[in-house]
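What follows is a short report on a single structure.
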Amino acid sequence: MRPLFTYDAVESVRLTCEWSGASAKTFWSYPFFGFSTSYIPKTFSAWGTVVERTYSRIVEKPDWGIDWVVSDHVEYLVNKETVIDKPFGNLVNFKLIGRPESPLKVLLIAPMSGHYSTLLRKTVRSLLPDCELFVTEWKNARDIPVSEGKFDIEDFTEYLRDFMVFLGPDTHVISVCQPVPLTLAAAAMIAEDTPDCQPKTMILFGGPVDPDAAPTEVTDFGKRVTMGQLERLFIQNVGSSYLGVGRVVYPGITQLSSFISMNLQSHLTAFHDQIMRTARGESSDHDRHNEFYDEYLAVMDMTAEFYLSTVERIFKKREIAQNIFKVRGRPVDLGKINRTAVKIVEGGKDNISAPGQCAAALDLLSGLSEHQKAIHVEPNAGHYGIFSGKSWINDIRPLVLDFMACNSH
């Protein structure tokens with residue numbers, strides 16, 4: 001664990017890079033350079049524009065930007081309302097103003113793995129025409145005062161349980177990536193405590209139920225590094241600029257660095273090409289590059305106890321995979337789930353949670369009959385492609401809606 005100075009030092013470097021970009025953009029945009037036939041002024045101005053935008057986005061929370069959708073050929077305004085407000089995350093409802101209530105009530109559980117819940121913006125927009133949609137909106141740990149206490153995977157599981165119980169047994173749950181194993185645990189707690197409150201369905205997207213079922217670079221890293229090394233290398237105290245000053249966190253910028261390092265050359269090429277497009281006047285605020293990186297670069301801190309307990313208990317000890325997970329000392333038996341139809345969705349080219357990791361859930365769900373369990377592997381989809389993009393829109397989304405409709409009675 002590092003002192004406050006380390007967090008502030010990293011923030012100072014980010015601000016310096018943002019300032020350098022802004023300064024270059026401003027200086028090389030002086031009208032005087034318009035008389036020059038050299039490519040240098042426009043290139044340096046473009047470099048500054050891209051650099052400033054890049055480093056400013058790291059600390060900005062993206063807006064959902066979903067103001068309207070079309071349902072049954074009618075355009076509806078969308079209102080986002082917080083229905084449950086908790087210290088570390090909210091449950092929000094996207095309501096289509098004036099539309100009759102949809103028979104499909106869906107809880108979309110967003111991952112808390114370094115990005116904001118807005119990472120699922122396209123998923124949300126595509127589901128709204130057909131569903132009454134509720135979404136988990138996790139909060140940035142750097143903005144949560146130390147007085148609010150800890151938040152680990154057991155707390156996370158209880159949040160999910162509370163959200164499911166609040167929405168009732170006619171709910172269809174969609175869980176994306178990181179929260180998948182804990183979604184199963186939350187559903188198992190409900191099944192044991194109040195069997196009649198189990199959700200109608202759970203659709204689980206590419207989550208690490210059993211990381212050893214199909215190892216990837218992500219799971220191999222978790223195996224190679226000890227918990228002590230993780231804490232010494234990556235855990236910091238929030239600096240003096242934020243409400244959560246002193247809180248122990250796994251910084252979002254650290255997670256972002258690891259994401260980028262996995263495909264470094266492609267990111268470098270993307271930014272080089274964007275600078276050239278900007279210099280030629282071919283870029284815009286909402287072009288493909290900016291649309292992607294405005295979301296990709298916007299990262300949030302996770303509490304240290306959440307990050308460390310995830311690595312230790314989900315990846316190293318494989319507590320969910322072995323069905324030995326406990327919450328507050330209470331054993332959680334996935335076999336207790338007996339009324340919830342479950343569908344697994346995996347991407348054939350997923351290099352983060354490879355095919356097989358999520359499918360392992362089906363063997364653990366011993367309380368379900370075979371006709372209550374289903375699996376779909378999208379051959380050409382990567383990790384993000386299973387819930388966003390062409391594969392989601394054209395192939396997976398129709399299957400998900402059909403599965404929910406078939407299990408609504």
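Residue numbering restarts at 1 for every chain of the structure tokens, chains are lettered A, B, ... in their displayed order, and ligands are numbered from 1 as they appear.
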
*asked:* Report as JSON, numbers by chain all protein, DNA and RNA residues lying within 8 Å of region 129-140 of chain A, evaluated on only C-alpha atoms, omitting residues in the same chain fewer than 4 positions from it.
replied: {"A": [69, 70, 71, 72, 87, 88, 89, 90, 91, 92, 93, 94, 95, 101, 102, 103, 104, 105, 106, 107, 108, 109, 110, 112, 116, 117, 124, 125, 144, 300, 301, 302]}

*Using only C-alpha atoms, which residues sit within 12 Å of Ile320 (chain A) once same-chain residues fewer than 3 positions away are excluded, as a PyMOL selection string?*
chain A and resi 153+179-186+188+207-212+310+312-317+323-327+331-335+357-358+360-361+363-365

_Minimum-distance residue to Pro145 (chain A), chosen among A:Pro169, A:Pro195, A:Gly239, A:Gly98 (using only C-alpha atoms)_ = A:Gly239

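Look at region 45-56 of chain A: the protein and nucleic acid residues within 8 Å of it, using only C-alpha atoms and passing over chain neighbours fewer than 3 places away, are Arg14, Leu15, Cys17, Glu18, Trp19, Ser20, Gly21, Ala22, Ser23, Ala24, Lys25, Thr26, Phe27, Trp28, Ser29, Pro41, Lys42, Val59, Glu60, Phe271, Gln274, Ile275, Met276, Thr278, Ala279, Tyr293, Asp294 and Leu297 of chain A.
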
*Å distance separating CA of Gln198 (chain A) from CA of Ile174 (chain A), one decimal place*: 13.9 Å
